[in-house]
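Have a look at final_39.txt below; it lists compact mmCIF, C-alpha atoms.
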# COMPACT_ATOMS: atom_id res chain seq x y z
CA MET A 1 -18.64 29.78 -28.17
CA THR A 2 -20.37 29.26 -31.47
CA ASP A 3 -21.40 25.87 -32.78
CA GLU A 4 -19.12 26.49 -35.74
CA LEU A 5 -16.11 26.87 -33.44
CA LYS A 6 -17.09 23.73 -31.55
CA GLN A 7 -17.42 21.78 -34.78
CA ARG A 8 -14.04 23.02 -36.03
CA PHE A 9 -12.39 22.16 -32.72
CA SER A 10 -13.98 18.71 -32.71
CA ASP A 11 -12.87 18.03 -36.30
CA GLU A 12 -9.28 19.07 -35.63
CA VAL A 13 -9.02 17.11 -32.39
CA PHE A 14 -10.49 14.04 -34.08
CA LEU A 15 -7.74 14.15 -36.70
CA HIS A 16 -5.17 13.90 -33.88
CA ILE A 17 -7.07 11.70 -31.48
CA GLY A 18 -4.38 9.02 -31.74
CA ILE A 19 -1.85 11.39 -30.15
CA LEU A 20 -4.11 11.94 -27.17
CA GLN A 21 -4.82 8.25 -26.71
CA LYS A 22 -1.11 7.39 -26.78
CA ILE A 23 -0.28 10.11 -24.26
CA CYS A 24 -3.03 8.86 -21.95
CA ARG A 25 -1.77 5.30 -22.31
CA ILE A 26 1.79 6.34 -21.47
CA TYR A 27 0.92 8.44 -18.44
CA LYS A 28 -1.86 6.36 -16.90
CA LYS A 29 -2.07 2.62 -16.45
CA ASP A 30 -5.57 2.33 -15.12
CA ALA A 31 -8.38 2.64 -17.66
CA ALA A 32 -10.44 4.98 -15.48
CA ASP A 33 -7.42 7.24 -14.91
CA ARG A 34 -6.78 7.30 -18.66
CA GLU A 35 -10.35 8.35 -19.21
CA ASP A 36 -9.96 11.14 -16.60
CA LEU A 37 -6.76 12.35 -18.23
CA PHE A 38 -8.32 12.32 -21.69
CA GLN A 39 -11.27 14.36 -20.44
CA GLU A 40 -8.96 16.83 -18.71
CA ILE A 41 -6.84 17.28 -21.85
CA LEU A 42 -9.99 17.84 -23.87
CA CYS A 43 -11.24 20.34 -21.30
CA ASN A 44 -7.95 22.30 -21.22
CA ALA A 45 -7.72 22.26 -25.01
CA TRP A 46 -11.29 23.49 -25.38
CA TYR A 47 -10.75 26.40 -22.98
CA ALA A 48 -7.47 27.36 -24.67
CA TYR A 49 -8.78 26.95 -28.22
CA PRO A 50 -10.17 30.49 -28.66
CA ARG A 51 -6.61 31.76 -28.10
CA PHE A 52 -5.19 29.44 -30.77
CA GLU A 53 -4.17 31.79 -33.55
CA GLY A 54 -2.73 29.24 -35.94
CA ARG A 55 0.85 30.49 -35.58
CA SER A 56 1.95 26.92 -35.02
CA LYS A 57 0.48 23.71 -36.40
CA PHE A 58 -2.62 22.46 -34.61
CA SER A 59 -0.82 19.21 -33.73
CA THR A 60 2.03 21.17 -32.07
CA TRP A 61 -0.49 23.18 -30.08
CA LEU A 62 -2.40 20.05 -29.06
CA TYR A 63 0.81 18.30 -27.99
CA ARG A 64 1.58 21.23 -25.69
CA VAL A 65 -1.85 21.15 -24.09
CA ALA A 66 -1.83 17.36 -23.73
CA LEU A 67 1.69 17.09 -22.28
CA ASN A 68 1.23 20.03 -19.91
CA THR A 69 -1.99 18.46 -18.65
CA ALA A 70 -0.41 15.01 -18.26
CA LEU A 71 2.53 16.46 -16.33
CA HIS A 72 0.21 18.29 -13.97
CA GLN A 73 -2.08 15.37 -13.41
CA ASN A 74 0.42 13.77 -11.09
CA ARG A 75 -1.98 11.83 -8.93
CA LYS A 76 -1.09 8.21 -8.46
CA ASP A 77 -3.02 5.62 -10.40
CA ARG A 78 -6.01 4.22 -8.61
CA LYS A 79 -4.84 0.69 -9.04
CA ALA A 80 -1.35 -0.72 -8.99
CA ALA A 81 0.31 -1.21 -12.34
CA SER A 82 -2.11 -3.20 -14.42
CA MET A 83 0.52 -3.98 -17.05
CA ILE A 84 2.41 -7.15 -16.38
CA HIS A 85 6.07 -6.30 -16.03
CA LEU A 86 8.45 -8.48 -17.92
CA GLU A 87 10.94 -10.25 -15.75
CA SER A 88 14.37 -10.55 -17.30
CA SER A 89 14.21 -14.31 -16.97
CA THR A 90 10.82 -14.60 -18.71
CA VAL A 91 11.87 -13.08 -22.02
CA ASP A 92 13.82 -15.29 -24.34
CA PRO A 93 15.65 -13.06 -26.86
CA PHE A 94 15.30 -15.83 -29.45
CA GLU A 95 11.54 -15.65 -29.10
CA LEU A 96 11.48 -11.90 -29.46
CA GLU A 97 9.39 -12.02 -32.62
CA GLU A 98 6.58 -13.50 -30.62
CA VAL A 99 6.66 -10.74 -28.07
CA ASP A 100 4.57 -7.73 -28.88
CA THR A 101 7.12 -5.03 -29.78
CA LEU A 102 4.74 -2.29 -28.83
CA LYS A 103 4.06 -3.79 -25.42
CA ILE A 104 7.79 -3.92 -24.71
CA LEU A 105 8.16 -0.32 -25.79
CA TYR A 106 5.35 0.84 -23.51
CA GLN A 107 6.88 -1.08 -20.62
CA ALA A 108 10.30 0.47 -21.22
CA ILE A 109 8.80 3.96 -21.41
CA ASP A 110 7.00 3.24 -18.16
CA HIS A 111 10.41 3.28 -16.43
CA LEU A 112 11.12 6.85 -17.53
CA ASN A 113 10.20 9.89 -15.48
CA PRO A 114 7.22 12.02 -16.65
CA VAL A 115 9.27 14.65 -18.48
CA GLU A 116 11.43 12.06 -20.23
CA LYS A 117 8.22 10.37 -21.33
CA SER A 118 7.04 13.57 -22.98
CA ILE A 119 10.24 13.86 -25.06
CA ILE A 120 10.26 10.23 -26.19
CA ILE A 121 6.57 10.42 -27.18
CA LEU A 122 7.37 13.35 -29.48
CA PHE A 123 10.38 11.53 -30.94
CA LEU A 124 8.39 8.37 -31.62
CA ASP A 125 5.65 10.42 -33.23
CA ASP A 126 8.18 11.56 -35.83
CA GLN A 127 8.42 15.14 -34.64
CA SER A 128 11.58 16.91 -35.78
CA TYR A 129 14.06 18.26 -33.22
CA SER A 130 12.90 21.79 -33.90
CA GLU A 131 9.26 20.79 -33.39
CA ILE A 132 10.17 19.01 -30.14
CA ALA A 133 12.03 22.17 -29.10
CA GLU A 134 8.98 24.29 -29.93
CA ILE A 135 6.68 22.07 -27.86
CA THR A 136 8.98 21.60 -24.89
CA GLY A 137 10.57 25.06 -24.80
CA LEU A 138 14.07 23.54 -24.82
CA SER A 139 16.79 24.51 -27.29
CA VAL A 140 17.32 22.20 -30.28
CA ASN A 141 20.74 21.20 -28.90
CA ASN A 142 19.28 20.44 -25.51
CA VAL A 143 16.60 18.28 -27.13
CA GLY A 144 19.35 16.28 -28.83
CA VAL A 145 21.26 15.82 -25.58
CA LYS A 146 18.19 14.78 -23.60
CA LEU A 147 16.99 12.46 -26.33
CA ASN A 148 20.35 10.70 -26.46
CA ARG A 149 20.26 10.17 -22.69
CA ILE A 150 16.74 8.79 -22.91
CA LYS A 151 17.69 6.41 -25.74
CA ILE A 152 20.60 5.11 -23.66
CA LYS A 153 18.27 4.66 -20.71
CA ILE A 154 15.76 2.73 -22.83
CA LYS A 155 18.54 0.57 -24.25
CA LYS A 156 19.68 -0.23 -20.72
CA ILE A 157 16.13 -1.13 -19.70
CA MET A 158 15.87 -3.41 -22.74
CA LEU A 159 19.16 -5.08 -21.81
CA ASP A 160 17.85 -5.59 -18.28
CA TYR A 161 14.90 -7.40 -19.86
CA GLY A 162 17.30 -9.45 -21.92
CA ILE A 163 16.43 -7.71 -25.18
CA GLY A 164 19.03 -5.87 -27.07
CA MET B 1 14.62 2.62 -31.95
CA ASP B 2 13.48 2.82 -35.57
CA ASP B 3 11.69 -0.54 -35.25
CA PHE B 4 9.86 0.83 -32.28
CA LYS B 5 9.05 4.01 -34.18
CA THR B 6 7.35 1.98 -36.90
CA ALA B 7 5.40 -0.07 -34.37
CA TRP B 8 4.43 3.11 -32.51
CA ASN B 9 3.12 4.81 -35.62
CA ASN B 10 1.19 1.71 -36.67
CA ASP B 11 -0.59 1.64 -33.34
CA ALA B 12 -3.74 3.52 -34.19
CA LYS B 13 -6.60 1.80 -32.44
CA LEU B 14 -9.27 4.45 -32.18
CA THR B 15 -11.82 3.86 -29.48
CA ILE B 16 -13.60 7.20 -29.80
CA THR B 17 -16.00 8.12 -32.56
CA ARG B 18 -16.48 11.60 -33.97
CA GLU B 19 -19.95 11.77 -32.40
CA SER B 20 -18.82 10.76 -28.93
CA LEU B 21 -16.03 13.34 -29.10
CA LEU B 22 -18.53 16.08 -29.89
CA GLN B 23 -20.71 14.82 -27.07
CA ARG B 24 -17.80 15.11 -24.64
CA ILE B 25 -17.10 18.66 -25.77
CA ASN B 26 -20.76 19.53 -25.23
CA GLN B 27 -20.55 18.12 -21.71
CA ILE B 28 -17.44 20.21 -20.96
CA GLU B 29 -19.17 23.33 -22.22
CA LYS B 30 -22.20 22.69 -20.03
CA SER B 31 -20.42 21.69 -16.84
CA GLY B 32 -17.67 24.33 -16.86
CA ARG B 33 -14.48 24.01 -14.86
CA LYS B 34 -14.55 22.53 -11.44
CA ILE B 35 -12.23 22.44 -8.50
CA ARG B 36 -10.38 19.11 -8.51
CA ARG B 37 -12.00 16.16 -6.80
CA ALA B 38 -8.92 15.39 -4.68
CA PHE B 39 -8.96 18.87 -3.17
CA VAL B 40 -12.69 18.66 -2.43
CA VAL B 41 -12.17 15.28 -0.69
CA GLU B 42 -9.31 16.69 1.45
CA LEU B 43 -11.41 19.66 2.52
CA ALA B 44 -14.41 17.42 3.23
CA ILE B 45 -12.30 15.21 5.54
CA ILE B 46 -10.95 18.24 7.42
CA GLY B 47 -14.49 19.64 7.66
CA ALA B 48 -15.76 16.33 9.07
CA ILE B 49 -13.02 16.31 11.74
CA TYR B 50 -13.96 19.84 12.81
CA LEU B 51 -17.64 18.93 12.89
CA PHE B 52 -16.76 15.99 15.12
CA PHE B 53 -14.99 18.34 17.55
CA VAL B 54 -17.85 20.83 17.45
CA GLY B 55 -20.27 17.94 18.13
CA MET B 56 -18.16 16.85 21.10
CA ILE B 57 -18.17 20.36 22.49
CA ILE B 58 -21.96 20.63 22.13
CA PHE B 59 -22.80 17.22 23.62
CA PHE B 60 -20.07 16.95 26.25
CA SER B 61 -19.50 20.63 27.04
CA GLY B 62 -19.29 19.98 30.78
CA GLN B 63 -16.61 17.32 30.43
CA VAL B 64 -14.45 18.92 27.73
CA GLN B 65 -11.41 20.65 29.17
CA SER B 66 -10.62 24.22 28.21
CA PHE B 67 -7.40 23.38 26.36
CA MET B 68 -9.38 21.22 23.93
CA TYR B 69 -11.31 24.30 22.79
CA LYS B 70 -8.07 26.18 22.33
CA LEU B 71 -6.52 23.28 20.48
CA VAL B 72 -9.36 23.14 17.96
CA ALA B 73 -9.32 26.94 17.57
CA ILE B 74 -5.54 27.07 17.01
CA THR B 75 -5.46 24.29 14.43
CA PHE B 76 -8.48 25.74 12.65
CA ILE B 77 -7.07 29.26 12.50
CA GLY B 78 -3.56 27.96 11.72
CA PHE B 79 -4.81 25.89 8.82
CA LEU B 80 -6.88 28.67 7.23
CA PRO B 81 -3.99 30.35 5.33
CA THR B 82 -2.90 26.97 3.89
CA ALA B 83 -6.44 26.04 2.91
CA TYR B 84 -6.88 29.43 1.23
CA ARG B 85 -3.58 29.06 -0.61
CA LEU B 86 -4.49 25.53 -1.74
CA TYR B 87 -7.83 26.81 -2.97
CA GLN B 88 -6.06 29.59 -4.85
CA SER B 89 -3.69 26.98 -6.32
CA GLN B 90 -6.62 25.00 -7.67
CA ARG B 91 -8.05 28.13 -9.26
CA TRP B 92 -4.62 29.00 -10.62
CA ILE B 93 -4.25 25.53 -12.14
CA ASN B 94 -7.69 25.89 -13.75
CA SER B 95 -6.85 29.27 -15.23
CA MET B 96 -3.39 28.17 -16.40
CA ASP B 97 -2.61 28.44 -20.11
CA TYR B 98 -1.88 24.85 -21.08
CA SER B 99 -0.99 25.78 -24.62
CA ILE B 100 2.32 27.42 -23.74
CA ASP B 101 5.50 25.35 -24.05
CA VAL B 102 6.20 22.69 -21.43
CA ARG B 103 9.26 24.48 -20.00
CA SER B 104 7.49 27.80 -19.37
CA ASN B 105 4.51 25.96 -17.97
CA LEU B 106 6.61 23.94 -15.52
CA LEU B 107 8.64 26.99 -14.51
CA ALA B 108 5.50 28.94 -13.65
CA PHE B 109 4.09 25.95 -11.83
CA LEU B 110 7.25 25.36 -9.75
CA THR B 111 7.45 28.99 -8.65
CA TYR B 112 3.86 28.92 -7.50
CA TYR B 113 4.19 25.50 -5.92
CA ARG B 114 7.29 26.34 -3.87
CA THR B 115 5.50 29.34 -2.38
CA THR B 116 2.52 27.14 -1.50
CA LEU B 117 4.78 24.63 0.25
CA LYS B 118 6.44 27.46 2.19
CA TRP B 119 3.02 28.60 3.38
CA TYR B 120 2.21 25.02 4.39
CA TRP B 121 5.44 24.60 6.32
CA TRP B 122 5.25 27.94 8.11
CA SER B 123 1.65 27.44 9.10
CA SER B 124 2.55 24.00 10.60
CA MET B 125 5.38 25.61 12.56
CA ILE B 126 3.14 28.39 13.83
CA ILE B 127 0.51 25.87 14.94
CA CYS B 128 3.15 23.86 16.84
CA ALA B 129 4.59 26.95 18.54
CA LEU B 130 1.14 28.23 19.52
CA MET B 131 0.24 24.81 20.93
CA PHE B 132 3.28 24.87 23.22
CA VAL B 133 2.43 28.36 24.46
CA MET B 134 -1.24 27.50 24.90
CA PHE B 135 -0.67 24.20 26.72
CA PHE B 136 1.81 25.57 29.22
CA THR B 137 -0.33 28.56 30.08
CA ASP B 138 -3.52 26.53 30.46
CA GLU B 139 -4.44 25.54 34.02
CA ASP B 140 -6.41 22.45 32.96
CA PHE B 141 -3.49 21.17 30.91
CA LEU B 142 -0.99 21.81 33.70
CA ALA B 143 -3.23 19.83 36.04
CA ILE B 144 -3.22 16.62 33.93
CA GLY B 145 -0.81 13.74 34.50
CA ILE B 146 2.85 13.98 33.52
CA GLU B 147 2.53 11.10 31.03
CA TRP B 148 -0.10 13.05 29.08
CA LYS B 149 2.05 16.17 29.06
CA ILE B 150 5.05 14.20 27.80
CA GLY B 151 2.87 12.52 25.18
CA VAL B 152 1.49 15.81 23.88
CA CYS B 153 4.93 17.47 23.83
CA ALA B 154 6.45 14.49 22.02
CA TYR B 155 3.63 14.58 19.49
CA ILE B 156 4.16 18.29 18.76
CA ILE B 157 7.92 17.84 18.46
CA VAL B 158 7.55 14.84 16.14
CA VAL B 159 5.04 16.70 13.96
CA SER B 160 7.27 19.77 13.71
CA PHE B 161 10.30 17.66 12.78
CA LEU B 162 8.42 15.45 10.34
CA THR B 163 6.70 18.23 8.40
CA ARG B 164 9.64 18.94 6.10
CA PRO B 165 10.54 15.28 5.34
CA TYR B 166 6.82 14.60 4.79
CA LEU B 167 6.52 17.46 2.29
CA LYS B 168 9.70 16.28 0.57
CA LYS B 169 8.42 12.73 0.33
CA VAL B 170 5.01 13.68 -1.02
CA TYR B 171 6.04 16.41 -3.44
CA GLY B 172 9.84 16.28 -3.59
CA LYS B 173 10.32 13.60 -6.24
CA HIS B 174 7.93 15.23 -8.65
CA VAL B 175 9.43 18.67 -8.18
CA GLN B 176 12.93 17.22 -8.60
CA GLU B 177 11.97 15.65 -11.94
CA PHE B 178 10.66 18.99 -13.14
CA GLU B 179 13.83 20.74 -11.98
CA MET B 180 16.00 18.21 -13.85
CA PHE B 181 14.06 18.96 -17.00
CA LEU B 182 14.53 22.71 -16.55
CA GLU B 183 18.30 22.46 -16.06
So, in terms of structure tokens, how does the structure I just supplied come out?
Amino acid sequence: MTDELKQRFSDEVFLHIGILQKICRIYKKDAADREDLFQEILCNAWYAYPRFEGRSKFSTWLYRVALNTALHQNRKDRKAASMIHLESSTVDPFELEEVDTLKILYQAIDHLNPVEKSIIILFLDDQSYSEIAEITGLSVNNVGVKLNRIKIKIKKIMLDYGIG
Amino acid sequence: MDDFKTAWNNDAKLTITRESLLQRINQIEKSGRKIRRAFVVELAIIGAIYLFFVGMIIFFSGQVQSFMYKLVAITFIGFLPTAYRLYQSQRWINSMDYSIDVRSNLLAFLTYYRTTLKWYWWSSMIICALMFVMFFTDEDFLAIGIEWKIGVCAYIIVVSFLTRPYLKKVYGKHVQEFEMFLE
């Protein structure tokens, strides 16, 4: 591998580093596990990079590598859930503004299974249905169906928390 | 969901600098790909158990009964195909193309994984069957007390019956989630 290739890879990954950090945060609760996952994604991306021909956008390609890696890294977290789960009785819907919206979202996503997580991540990152289909290998219609089911599931989780 | 989308896209706390990213890539390039730590730990534990048995045989050779030798030999030989397949799986995972779409990737993984589990199950069954044959043709084993014989038989039966539920419990949920996605 030439230094030029390494530099180009590093520059492109850096532009999308936020994607990788969010994926690691969704799939791993423990900081050390997140670090492991990040390193593994980087490793898999680096080894696959010479085959990247630019037919798809770099972000699409990186999503594929990151999600495939996260789905395969199915080891349990070293520690029990470090995030504090919201109990339905502890959240007052009238005080919702004070609750960190993002934290609630991460906690709701935490209840989804690994493959559902991958679809909702892509949706939240403003990927179009056709881009989600390209990354996941599902048909556009199937993406729509699965996404609707996931949204209903998240809504139900929110209602269980007393948010809705 | 749109509120969440906005919050999600505003969440951009970067904890990695450009320099540290390049440093990580340099490290990857230098170290190359390795067999996963979990697999190495599993093999090390199995290796330690065998070393313990070998140590027992060396130090207490006069007191160790013949069926113990056979037991160690059978489990060792019986486990070899599984260990080889697991090793191959690790190499396969390392050589996998992670840049293909998620569906194709999971499909390839599931096919390979199911075969590995079949190998695991069959090798457990073969070990159990061979143990029965070996124990009841071994003079030393036949000479031991009935409670020991019952205990050993019960153990083999329990292991052979629990192998499938155990495999399902450990790997089943994950495989099921993948299958749901592929439907």
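Contact shell of Glu139 in chain B at 12 Å (all atoms listed in the file; same-chain neighbours under 4 positions omitted): Gln65, Ser66, Phe67, Met134, Phe135, Ala143 and Ile144 of chain B.
Reported to one decimal place, the separation of CA of Cys128 in chain B from CA of Gly151 in chain B is 14.1 Å.
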With a distance threshold of 9 Å and counting all atoms listed in the file, extract the residues of chain A near chain B and express them as a PyMOL selection string.
chain A and resi 1+6-7+10-11+13-14+17-18+21-22+39+42-49+51-52+61-69+71-72+74-75+101-102+105+113-116+123-126+133-138+146+151+155
Between B:Ala129, B:Asp140, B:Gln176, B:Gly145, which one has atoms that come closest to Ile157 in chain B, using all atoms listed in the file?
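Of B:Ala129, B:Asp140, B:Gln176, B:Gly145, the one nearest Ile157 in chain B is B:Ala129, counting all atoms listed in the file.
Proximity of A:Ile23, A:Leu112, A:Ile132, A:Leu5 to Ile154 in chain A, computed with only C-alpha atoms, is greatest for A:Leu112.
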In Å to one decimal, how far is CA of Phe38 in chain A from CA of Arg55 in chain A?
24.6 Å
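Take CA of Tyr112 in chain B and CA of Ser89 in chain B: the distance between them is 7.9 Å.
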Output requested as a compact mmCIF listing (two decimals), keeping the file's coordinate frame - range 120-136 of chain A, filled out with N, CA and C atoms.
# COMPACT_ATOMS: atom_id res chain seq x y z
N ILE A 120 10.21 11.45 -25.37
CA ILE A 120 10.26 10.23 -26.19
C ILE A 120 8.97 10.07 -27.00
N ILE A 121 7.85 10.49 -26.44
CA ILE A 121 6.57 10.42 -27.18
C ILE A 121 6.70 11.25 -28.47
N LEU A 122 7.23 12.45 -28.32
CA LEU A 122 7.37 13.35 -29.48
C LEU A 122 8.33 12.76 -30.51
N PHE A 123 9.41 12.15 -30.02
CA PHE A 123 10.38 11.53 -30.94
C PHE A 123 9.74 10.38 -31.70
N LEU A 124 9.03 9.53 -30.98
CA LEU A 124 8.39 8.37 -31.62
C LEU A 124 7.31 8.79 -32.60
N ASP A 125 6.69 9.94 -32.32
CA ASP A 125 5.65 10.42 -33.23
C ASP A 125 6.22 11.18 -34.43
N ASP A 126 7.51 11.00 -34.65
CA ASP A 126 8.18 11.56 -35.83
C ASP A 126 8.23 13.08 -35.85
N GLN A 127 8.27 13.69 -34.69
CA GLN A 127 8.42 15.14 -34.64
C GLN A 127 9.90 15.46 -34.83
N SER A 128 10.18 16.54 -35.56
CA SER A 128 11.58 16.91 -35.78
C SER A 128 12.13 17.53 -34.49
N TYR A 129 13.45 17.66 -34.41
CA TYR A 129 14.06 18.26 -33.22
C TYR A 129 13.53 19.68 -32.98
N SER A 130 13.37 20.41 -34.08
CA SER A 130 12.90 21.79 -33.90
C SER A 130 11.45 21.82 -33.42
N GLU A 131 10.65 20.84 -33.87
CA GLU A 131 9.26 20.79 -33.39
C GLU A 131 9.23 20.39 -31.91
N ILE A 132 10.11 19.42 -31.56
CA ILE A 132 10.17 19.01 -30.14
C ILE A 132 10.58 20.22 -29.29
N ALA A 133 11.56 20.99 -29.82
CA ALA A 133 12.03 22.17 -29.10
C ALA A 133 10.89 23.19 -28.94
N GLU A 134 10.09 23.34 -29.98
CA GLU A 134 8.98 24.29 -29.93
C GLU A 134 7.93 23.88 -28.89
N ILE A 135 7.70 22.58 -28.81
CA ILE A 135 6.68 22.07 -27.86
C ILE A 135 7.20 22.12 -26.42
N THR A 136 8.47 21.71 -26.26
CA THR A 136 8.98 21.60 -24.89
C THR A 136 9.56 22.92 -24.35
